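Asks: Supplied structure: data28.txt, compact mmCIF, N, CA and C atoms.
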# COMPACT_ATOMS: atom_id res chain seq x y z
N MET Q 1 28.37 240.13 25.66
CA MET Q 1 27.32 239.20 25.97
C MET Q 1 26.97 238.43 24.69
N LYS Q 2 26.89 237.11 24.81
CA LYS Q 2 26.59 236.28 23.65
C LYS Q 2 25.09 236.26 23.36
N THR Q 3 24.76 236.12 22.10
CA THR Q 3 23.35 235.99 21.72
C THR Q 3 22.93 234.54 21.89
N LYS Q 4 21.61 234.32 21.85
CA LYS Q 4 21.09 232.94 21.92
C LYS Q 4 21.70 232.08 20.84
N GLU Q 5 21.76 232.65 19.64
CA GLU Q 5 22.25 231.89 18.50
C GLU Q 5 23.72 231.49 18.69
N GLU Q 6 24.52 232.42 19.22
CA GLU Q 6 25.93 232.11 19.45
C GLU Q 6 26.10 230.99 20.48
N ILE Q 7 25.29 231.04 21.53
CA ILE Q 7 25.36 230.01 22.55
C ILE Q 7 24.92 228.67 21.98
N LEU Q 8 23.78 228.65 21.28
CA LEU Q 8 23.31 227.40 20.67
C LEU Q 8 24.31 226.84 19.67
N ASN Q 9 24.89 227.71 18.83
CA ASN Q 9 25.85 227.25 17.83
C ASN Q 9 27.09 226.64 18.47
N SER Q 10 27.45 227.08 19.67
CA SER Q 10 28.62 226.51 20.33
C SER Q 10 28.36 225.08 20.81
N TYR Q 11 27.09 224.67 20.89
CA TYR Q 11 26.74 223.31 21.30
C TYR Q 11 26.28 222.44 20.14
N ASN Q 12 26.11 223.03 18.94
CA ASN Q 12 25.64 222.27 17.78
C ASN Q 12 26.69 221.27 17.31
N THR Q 13 26.24 220.17 16.77
CA THR Q 13 27.09 219.22 16.08
C THR Q 13 26.48 219.01 14.70
N THR Q 14 27.19 218.31 13.84
CA THR Q 14 26.67 218.02 12.51
C THR Q 14 26.24 216.57 12.47
N GLY Q 15 25.00 216.34 12.05
CA GLY Q 15 24.48 214.99 11.96
C GLY Q 15 25.01 214.26 10.74
N GLN Q 16 24.64 212.98 10.59
CA GLN Q 16 25.09 212.17 9.46
C GLN Q 16 24.59 212.73 8.14
N ASP Q 17 23.48 213.44 8.19
CA ASP Q 17 22.93 214.02 6.97
C ASP Q 17 23.53 215.40 6.65
N GLY Q 18 24.47 215.85 7.47
CA GLY Q 18 25.13 217.12 7.22
C GLY Q 18 24.42 218.33 7.82
N LEU Q 19 23.27 218.11 8.42
CA LEU Q 19 22.52 219.20 9.03
C LEU Q 19 22.95 219.40 10.48
N PRO Q 20 22.90 220.64 10.96
CA PRO Q 20 23.25 220.87 12.37
C PRO Q 20 22.20 220.25 13.29
N GLU Q 21 22.66 219.71 14.39
CA GLU Q 21 21.75 219.15 15.39
C GLU Q 21 22.34 219.38 16.77
N ILE Q 22 21.49 219.24 17.77
CA ILE Q 22 21.91 219.45 19.16
C ILE Q 22 21.24 218.38 20.01
N SER Q 23 22.00 217.79 20.91
CA SER Q 23 21.45 216.75 21.79
C SER Q 23 20.63 217.42 22.89
N ALA Q 24 19.78 216.63 23.51
CA ALA Q 24 18.95 217.16 24.60
C ALA Q 24 19.83 217.70 25.73
N ALA Q 25 20.88 216.96 26.08
CA ALA Q 25 21.77 217.40 27.17
C ALA Q 25 22.47 218.70 26.80
N ASP Q 26 22.92 218.81 25.55
CA ASP Q 26 23.58 220.05 25.12
C ASP Q 26 22.60 221.21 25.07
N LEU Q 27 21.36 220.93 24.68
CA LEU Q 27 20.34 221.98 24.66
C LEU Q 27 20.10 222.50 26.08
N LEU Q 28 20.02 221.58 27.05
CA LEU Q 28 19.87 222.01 28.44
C LEU Q 28 21.06 222.83 28.91
N ASN Q 29 22.27 222.40 28.51
CA ASN Q 29 23.47 223.16 28.89
C ASN Q 29 23.44 224.56 28.28
N ALA Q 30 23.05 224.65 27.02
CA ALA Q 30 22.97 225.95 26.35
C ALA Q 30 21.94 226.84 27.04
N MET Q 31 20.80 226.26 27.39
CA MET Q 31 19.77 227.03 28.08
C MET Q 31 20.28 227.52 29.43
N GLU Q 32 21.03 226.69 30.13
CA GLU Q 32 21.58 227.07 31.43
C GLU Q 32 22.60 228.20 31.27
N VAL Q 33 23.45 228.13 30.26
CA VAL Q 33 24.43 229.19 30.00
C VAL Q 33 23.71 230.50 29.71
N TYR Q 34 22.68 230.43 28.87
CA TYR Q 34 21.91 231.62 28.52
C TYR Q 34 21.23 232.21 29.75
N LYS Q 35 20.61 231.35 30.57
CA LYS Q 35 19.95 231.81 31.79
C LYS Q 35 20.96 232.45 32.74
N GLN Q 36 22.10 231.81 32.90
CA GLN Q 36 23.13 232.32 33.81
C GLN Q 36 23.64 233.68 33.33
N GLN Q 37 23.81 233.82 32.03
CA GLN Q 37 24.29 235.08 31.46
C GLN Q 37 23.31 236.21 31.74
N TRP Q 38 22.02 235.94 31.57
CA TRP Q 38 21.03 236.98 31.80
C TRP Q 38 20.81 237.24 33.29
N ALA Q 39 20.96 236.22 34.12
CA ALA Q 39 20.85 236.43 35.57
C ALA Q 39 21.98 237.33 36.04
N GLU Q 40 23.18 237.12 35.50
CA GLU Q 40 24.31 237.96 35.88
C GLU Q 40 24.11 239.40 35.39
N ALA Q 41 23.56 239.55 34.20
CA ALA Q 41 23.30 240.90 33.68
C ALA Q 41 22.24 241.60 34.54
N ALA Q 42 21.22 240.88 34.94
CA ALA Q 42 20.19 241.46 35.80
C ALA Q 42 20.77 241.85 37.15
N PHE Q 43 21.63 240.98 37.68
CA PHE Q 43 22.28 241.28 38.96
C PHE Q 43 23.10 242.57 38.85
N ASN Q 44 23.88 242.69 37.80
CA ASN Q 44 24.72 243.88 37.63
C ASN Q 44 23.89 245.14 37.50
N ALA Q 45 22.72 245.01 36.90
CA ALA Q 45 21.85 246.18 36.73
C ALA Q 45 21.13 246.57 38.01
N ALA Q 46 20.93 245.62 38.90
CA ALA Q 46 20.08 245.91 40.07
C ALA Q 46 20.72 245.56 41.41
N ARG Q 47 22.02 245.44 41.47
CA ARG Q 47 22.60 245.02 42.74
C ARG Q 47 22.42 246.08 43.82
N LYS Q 48 22.28 245.59 45.03
CA LYS Q 48 21.96 246.46 46.17
C LYS Q 48 23.19 247.21 46.66
N GLN Q 49 22.93 248.39 47.16
CA GLN Q 49 23.99 249.14 47.80
C GLN Q 49 23.73 249.20 49.29
N LYS Q 50 24.80 249.13 50.05
CA LYS Q 50 24.70 249.19 51.50
C LYS Q 50 25.72 250.22 51.96
N ASN Q 51 25.25 251.31 52.54
CA ASN Q 51 26.11 252.40 53.01
C ASN Q 51 27.02 252.94 51.90
N GLY Q 52 26.46 253.10 50.71
CA GLY Q 52 27.22 253.69 49.61
C GLY Q 52 28.12 252.76 48.84
N SER Q 53 28.29 251.53 49.29
CA SER Q 53 29.10 250.57 48.53
C SER Q 53 28.24 249.34 48.21
N PHE Q 54 28.65 248.59 47.21
CA PHE Q 54 27.87 247.43 46.81
C PHE Q 54 27.93 246.34 47.87
N GLU Q 55 26.77 245.73 48.13
CA GLU Q 55 26.71 244.65 49.11
C GLU Q 55 27.46 243.42 48.60
N PHE Q 56 27.37 243.16 47.29
CA PHE Q 56 28.09 242.05 46.66
C PHE Q 56 28.89 242.61 45.50
N GLU Q 57 30.17 242.32 45.49
CA GLU Q 57 31.03 242.87 44.43
C GLU Q 57 30.76 242.19 43.09
N THR Q 58 30.55 240.87 43.12
CA THR Q 58 30.34 240.14 41.86
C THR Q 58 29.10 239.27 41.98
N PHE Q 59 28.64 238.80 40.84
CA PHE Q 59 27.50 237.89 40.80
C PHE Q 59 27.81 236.59 41.55
N ASN Q 60 29.02 236.10 41.41
CA ASN Q 60 29.41 234.86 42.11
C ASN Q 60 29.37 235.03 43.62
N ASP Q 61 29.72 236.20 44.13
CA ASP Q 61 29.61 236.47 45.57
C ASP Q 61 28.15 236.37 46.01
N PHE Q 62 27.27 236.92 45.19
CA PHE Q 62 25.84 236.86 45.49
C PHE Q 62 25.35 235.40 45.48
N ILE Q 63 25.72 234.63 44.47
CA ILE Q 63 25.30 233.22 44.37
C ILE Q 63 25.80 232.43 45.58
N GLU Q 64 27.03 232.64 45.97
CA GLU Q 64 27.57 231.92 47.14
C GLU Q 64 26.82 232.29 48.41
N SER Q 65 26.45 233.54 48.57
CA SER Q 65 25.70 233.94 49.77
C SER Q 65 24.31 233.31 49.76
N GLU Q 66 23.70 233.18 48.57
CA GLU Q 66 22.39 232.55 48.46
C GLU Q 66 22.49 231.06 48.79
N LYS Q 67 23.55 230.41 48.35
CA LYS Q 67 23.74 228.98 48.65
C LYS Q 67 23.86 228.75 50.15
N GLN Q 68 24.55 229.64 50.83
CA GLN Q 68 24.72 229.51 52.27
C GLN Q 68 23.41 229.77 53.00
N ALA Q 69 22.56 230.63 52.45
CA ALA Q 69 21.32 230.98 53.12
C ALA Q 69 20.23 229.94 52.91
N LEU Q 70 20.30 229.17 51.81
CA LEU Q 70 19.27 228.18 51.52
C LEU Q 70 19.46 226.93 52.37
N PRO Q 71 18.39 226.40 52.93
CA PRO Q 71 18.52 225.17 53.69
C PRO Q 71 18.79 224.00 52.73
N VAL Q 72 19.54 223.04 53.19
CA VAL Q 72 19.85 221.88 52.38
C VAL Q 72 18.70 220.88 52.51
N VAL Q 73 18.16 220.50 51.37
CA VAL Q 73 17.05 219.55 51.35
C VAL Q 73 17.59 218.22 50.84
N ASN Q 74 17.45 217.17 51.65
CA ASN Q 74 17.95 215.86 51.27
C ASN Q 74 16.86 214.94 50.76
N ASP Q 75 15.61 215.35 50.88
CA ASP Q 75 14.50 214.49 50.50
C ASP Q 75 14.07 214.78 49.06
N ASN Q 76 14.95 214.45 48.10
CA ASN Q 76 14.64 214.72 46.71
C ASN Q 76 13.44 213.94 46.22
N PHE Q 77 13.28 212.70 46.66
CA PHE Q 77 12.15 211.91 46.21
C PHE Q 77 10.85 212.50 46.75
N GLY Q 78 10.85 212.96 47.99
CA GLY Q 78 9.66 213.58 48.56
C GLY Q 78 9.26 214.84 47.81
N ILE Q 79 10.26 215.60 47.38
CA ILE Q 79 9.99 216.81 46.59
C ILE Q 79 9.39 216.43 45.25
N THR Q 80 9.95 215.42 44.62
CA THR Q 80 9.42 214.96 43.33
C THR Q 80 8.00 214.46 43.49
N LEU Q 81 7.78 213.65 44.52
CA LEU Q 81 6.44 213.11 44.75
C LEU Q 81 5.44 214.22 45.01
N SER Q 82 5.81 215.21 45.79
CA SER Q 82 4.91 216.35 46.06
C SER Q 82 4.61 217.13 44.79
N ALA Q 83 5.62 217.33 43.97
CA ALA Q 83 5.41 218.07 42.72
C ALA Q 83 4.45 217.33 41.80
N VAL Q 84 4.61 216.01 41.70
CA VAL Q 84 3.72 215.22 40.86
C VAL Q 84 2.30 215.28 41.40
N ALA Q 85 2.15 215.07 42.71
CA ALA Q 85 0.82 215.09 43.32
C ALA Q 85 0.17 216.47 43.17
N ASP Q 86 0.95 217.53 43.39
CA ASP Q 86 0.40 218.89 43.25
C ASP Q 86 -0.02 219.19 41.81
N SER Q 87 0.64 218.55 40.84
CA SER Q 87 0.30 218.83 39.44
C SER Q 87 -0.99 218.14 39.02
N ILE Q 88 -1.42 217.10 39.75
CA ILE Q 88 -2.64 216.39 39.37
C ILE Q 88 -3.76 216.53 40.40
N VAL Q 89 -3.53 217.23 41.48
CA VAL Q 89 -4.51 217.32 42.56
C VAL Q 89 -5.84 217.90 42.09
N THR Q 90 -5.81 218.80 41.10
CA THR Q 90 -7.06 219.42 40.65
C THR Q 90 -8.04 218.41 40.07
N ASN Q 91 -7.53 217.24 39.64
CA ASN Q 91 -8.41 216.20 39.12
C ASN Q 91 -9.19 215.49 40.23
N PHE Q 92 -8.78 215.68 41.48
CA PHE Q 92 -9.37 214.93 42.58
C PHE Q 92 -10.03 215.81 43.64
N LEU Q 93 -10.09 217.12 43.43
CA LEU Q 93 -10.67 218.01 44.43
C LEU Q 93 -12.13 217.64 44.69
N PRO Q 94 -12.53 217.59 45.97
CA PRO Q 94 -13.91 217.23 46.28
C PRO Q 94 -14.89 218.34 45.87
N ASP Q 95 -16.09 217.93 45.48
CA ASP Q 95 -17.12 218.90 45.09
C ASP Q 95 -17.77 219.56 46.30
N ASP Q 96 -17.78 218.86 47.43
CA ASP Q 96 -18.41 219.35 48.65
C ASP Q 96 -17.48 220.34 49.36
N ALA Q 97 -17.91 221.58 49.51
CA ALA Q 97 -17.09 222.61 50.14
C ALA Q 97 -16.87 222.36 51.64
N ALA Q 98 -17.68 221.49 52.23
CA ALA Q 98 -17.54 221.21 53.66
C ALA Q 98 -16.41 220.21 53.94
N VAL Q 99 -15.92 219.54 52.92
CA VAL Q 99 -14.84 218.55 53.10
C VAL Q 99 -13.53 219.30 53.32
N ASN Q 100 -12.80 218.91 54.37
CA ASN Q 100 -11.53 219.55 54.69
C ASN Q 100 -10.33 218.63 54.51
N GLU Q 101 -10.57 217.35 54.19
CA GLU Q 101 -9.49 216.40 53.97
C GLU Q 101 -9.89 215.45 52.85
N PHE Q 102 -8.92 215.02 52.06
CA PHE Q 102 -9.17 213.98 51.09
C PHE Q 102 -7.84 213.36 50.69
N SER Q 103 -7.90 212.24 50.01
CA SER Q 103 -6.69 211.57 49.53
C SER Q 103 -6.97 210.99 48.15
N PHE Q 104 -5.91 210.71 47.43
CA PHE Q 104 -6.03 210.04 46.14
C PHE Q 104 -4.79 209.21 45.90
N ASP Q 105 -4.94 208.20 45.04
CA ASP Q 105 -3.86 207.29 44.70
C ASP Q 105 -3.32 207.63 43.32
N PHE Q 106 -2.02 207.43 43.14
CA PHE Q 106 -1.41 207.62 41.83
C PHE Q 106 -0.13 206.80 41.77
N ASN Q 107 0.38 206.61 40.56
CA ASN Q 107 1.61 205.85 40.35
C ASN Q 107 2.75 206.79 39.99
N LEU Q 108 3.93 206.46 40.50
CA LEU Q 108 5.14 207.22 40.20
C LEU Q 108 6.29 206.24 40.16
N GLU Q 109 7.02 206.25 39.07
CA GLU Q 109 8.16 205.35 38.89
C GLU Q 109 7.78 203.89 39.13
N GLY Q 110 6.60 203.50 38.68
CA GLY Q 110 6.16 202.12 38.77
C GLY Q 110 5.66 201.69 40.14
N LYS Q 111 5.54 202.61 41.07
CA LYS Q 111 5.06 202.29 42.41
C LYS Q 111 3.80 203.09 42.70
N GLY Q 112 2.92 202.53 43.55
CA GLY Q 112 1.69 203.21 43.93
C GLY Q 112 1.89 204.05 45.18
N PHE Q 113 1.29 205.23 45.20
CA PHE Q 113 1.37 206.14 46.33
C PHE Q 113 0.00 206.72 46.62
N THR Q 114 -0.20 207.12 47.87
CA THR Q 114 -1.40 207.83 48.28
C THR Q 114 -0.97 209.19 48.81
N ALA Q 115 -1.61 210.23 48.30
CA ALA Q 115 -1.34 211.60 48.75
C ALA Q 115 -2.52 212.05 49.60
N PHE Q 116 -2.22 212.64 50.76
CA PHE Q 116 -3.24 213.14 51.68
C PHE Q 116 -3.19 214.66 51.69
N TYR Q 117 -4.34 215.28 51.48
CA TYR Q 117 -4.43 216.73 51.43
C TYR Q 117 -5.40 217.23 52.50
N THR Q 118 -5.08 218.41 53.05
CA THR Q 118 -5.97 219.09 53.99
C THR Q 118 -6.14 220.53 53.53
N ARG Q 119 -7.26 221.12 53.89
CA ARG Q 119 -7.53 222.52 53.54
C ARG Q 119 -6.98 223.40 54.64
N ASP Q 120 -6.19 224.44 54.26
CA ASP Q 120 -5.64 225.34 55.28
C ASP Q 120 -6.65 226.43 55.64
N LYS Q 121 -6.26 227.34 56.53
CA LYS Q 121 -7.16 228.39 57.01
C LYS Q 121 -7.64 229.32 55.90
N GLU Q 122 -6.79 229.49 54.87
CA GLU Q 122 -7.18 230.37 53.76
C GLU Q 122 -8.02 229.64 52.71
N GLY Q 123 -8.22 228.34 52.89
CA GLY Q 123 -9.03 227.57 51.95
C GLY Q 123 -8.25 226.87 50.86
N TYR Q 124 -6.92 226.92 50.93
CA TYR Q 124 -6.09 226.26 49.93
C TYR Q 124 -5.78 224.83 50.36
N TRP Q 125 -5.67 223.94 49.37
CA TRP Q 125 -5.34 222.54 49.64
C TRP Q 125 -3.83 222.38 49.69
N LYS Q 126 -3.34 221.75 50.75
CA LYS Q 126 -1.91 221.49 50.94
C LYS Q 126 -1.72 220.00 51.22
N MET Q 127 -0.66 219.43 50.63
CA MET Q 127 -0.36 218.03 50.93
C MET Q 127 0.11 217.94 52.37
N SER Q 128 -0.53 217.08 53.14
CA SER Q 128 -0.15 216.93 54.55
C SER Q 128 0.73 215.71 54.76
N ASN Q 129 0.60 214.71 53.88
CA ASN Q 129 1.37 213.49 54.06
C ASN Q 129 1.24 212.66 52.78
N TRP Q 130 2.07 211.62 52.69
CA TRP Q 130 1.95 210.66 51.61
C TRP Q 130 2.46 209.32 52.11
N LYS Q 131 2.03 208.26 51.46
CA LYS Q 131 2.53 206.94 51.82
C LYS Q 131 2.62 206.08 50.59
N GLU Q 132 3.55 205.15 50.64
CA GLU Q 132 3.68 204.19 49.54
C GLU Q 132 2.70 203.06 49.79
N GLN Q 133 2.05 202.62 48.73
CA GLN Q 133 1.05 201.54 48.86
C GLN Q 133 1.71 200.19 48.93
As structure tokens, please, write out the structure in this file.
Replies:
Amino acid sequence: MKTKEEILNSYNTTGQDGLPEISAADLLNAMEVYKQQWAEAAFNAARKQKNGSFEFETFNDFIESEKQALPVVNDNFGITLSAVADSIVTNFLPDDAAVNEFSFDFNLEGKGFTAFYTRDKEGYWKMSNWKEQ
């Protein structure tokens, strides 16, 4: 198993000043390699047994089964918009506890949007809809 330093060093380059440097894309790749390495190690340490034999022989078998089980989401922009709205919703929560719906406007990628929130049965705010202005 490689150490963090070994993984990072494999993506390092030398800058014009002679010092080691790493690009943002390479840093993300190194982080992904490191994460994948530790996920595989965790899998090997904790893989499930079914009737005395392993349910998944390898980590890749497990990943493929997870990919098949996950629904395919094609609305990437809707996911991004929801994530942005959910990250700023606390700035717009109503002070009145009797209010069960509210909306707020925000900008994303140079366009205006309105996010609509409703309170669920447990009292949590959930985005119910959004529209472009």
Asks: Mind listing the strand (DSSP E or B) residues of chain Q, per DSSP on the backbone, as a ChimeraX atom specification?
Replies: /Q:13-14,20-21,49-50,53-54,101-108,111-119,125-132
Asks: So the first atom is CA of Glu64 in chain Q and the second is CA of Ala30 in chain Q; what is the distance between them in Å, to one decimal place?
Replies: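 It comes out at 22.1 Å.
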Asks: Within 12 Å of (-4.8, 205.2, 44.1), in the coordinates the file gives, what residues turn up when you count only C-alpha atoms, written out as a VMD selection string?
Replies: chain Q and resid 85 92 103 to 108 111 to 116 130 to 133
Asks: Using DSSP secondary structure from the backbone, list all helix (DSSP H, G or I) positions within range 24-116 of chain Q, as a ChimeraX atom specification.
Replies: /Q:24-46,59-69,76-91
Asks: Using atom N of Ser10 in chain Q and CA of Ile22 in chain Q as the two end points, give the distance in Å to one decimal.
Replies: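 Distance between the two atoms: 9.4 Å.
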Asks: I'd like the interatomic distance between atom N of Ala42 in chain Q and CA of Phe56 in chain Q, to a tenth of an Å.
Replies: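 Atom-to-atom, atom N of Ala42 in chain Q and CA of Phe56 in chain Q are spaced 13.6 Å apart.
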Asks: So which residues fall inside 9 Å of (-6.3, 218.6, 53.2) if we count only C-alpha atoms? Mind giving them as an MDAnalysis selection string?
Replies: chainID Q and resid 99:103 116:120 124:128
Asks: Keeping only N, CA and C atoms, take the residues you just selected and write them out as a CSV table (one decimal), in the coordinates of the input.
Replies:
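This went into part-v7.csv:
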chain,number,residue,atom,x,y,z
Q,99,VAL,N,-15.9,219.5,52.9
Q,99,VAL,CA,-14.8,218.6,53.1
Q,99,VAL,C,-13.5,219.3,53.3
Q,100,ASN,N,-12.8,218.9,54.4
Q,100,ASN,CA,-11.5,219.6,54.7
Q,100,ASN,C,-10.3,218.6,54.5
Q,101,GLU,N,-10.6,217.4,54.2
Q,101,GLU,CA,-9.5,216.4,54.0
Q,101,GLU,C,-9.9,215.4,52.8
Q,102,PHE,N,-8.9,215.0,52.1
Q,102,PHE,CA,-9.2,214.0,51.1
Q,102,PHE,C,-7.8,213.4,50.7
Q,103,SER,N,-7.9,212.2,50.0
Q,103,SER,CA,-6.7,211.6,49.5
Q,103,SER,C,-7.0,211.0,48.2
Q,116,PHE,N,-2.2,212.6,50.8
Q,116,PHE,CA,-3.2,213.1,51.7
Q,116,PHE,C,-3.2,214.7,51.7
Q,117,TYR,N,-4.3,215.3,51.5
Q,117,TYR,CA,-4.4,216.7,51.4
Q,117,TYR,C,-5.4,217.2,52.5
Q,118,THR,N,-5.1,218.4,53.0
Q,118,THR,CA,-6.0,219.1,54.0
Q,118,THR,C,-6.1,220.5,53.5
Q,119,ARG,N,-7.3,221.1,53.9
Q,119,ARG,CA,-7.5,222.5,53.5
Q,119,ARG,C,-7.0,223.4,54.6
Q,120,ASP,N,-6.2,224.4,54.3
Q,120,ASP,CA,-5.6,225.3,55.3
Q,120,ASP,C,-6.6,226.4,55.6
Q,124,TYR,N,-6.9,226.9,50.9
Q,124,TYR,CA,-6.1,226.3,49.9
Q,124,TYR,C,-5.8,224.8,50.4
Q,125,TRP,N,-5.7,223.9,49.4
Q,125,TRP,CA,-5.3,222.5,49.6
Q,125,TRP,C,-3.8,222.4,49.7
Q,126,LYS,N,-3.3,221.8,50.8
Q,126,LYS,CA,-1.9,221.5,50.9
Q,126,LYS,C,-1.7,220.0,51.2
Q,127,MET,N,-0.7,219.4,50.6
Q,127,MET,CA,-0.4,218.0,50.9
Q,127,MET,C,0.1,217.9,52.4
Q,128,SER,N,-0.5,217.1,53.1
Q,128,SER,CA,-0.2,216.9,54.6
Q,128,SER,C,0.7,215.7,54.8
Asks: Pick out the residues sitting within 8 Å of Phe43 in chain Q, and hand them over as a ChimeraX atom specification; count all atoms listed in the file, and ignore anything fewer than 6 positions along from it in its own chain.
Replies: /Q:37,58-59
Asks: Just checking: using only C-alpha atoms, which residue out of Q:Pro94, Q:Lys121, Q:Gly110, Q:Ile7 ends up closest to Leu28 in chain Q?
Replies: Q:Ile7
Asks: With 3 Å on each side, where is the centre of the axis-aligned box around all listed atoms of range 12-18 of chain Q, and how long are its edges in Å to one decimal, as AutoDock Vina command-line options?
Replies:
--center_x 25.1 --center_y 217.6 --center_z 12.8 --size_x 10.3 --size_y 16.9 --size_z 18.3
Asks: From the list Q:Ala46, Q:Ala83, Q:Ile88, Q:Leu8, which residue is nearest Met31 in chain Q when using only N, CA and C atoms?
Replies: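 Nearest to Met31 in chain Q: Q:Leu8.
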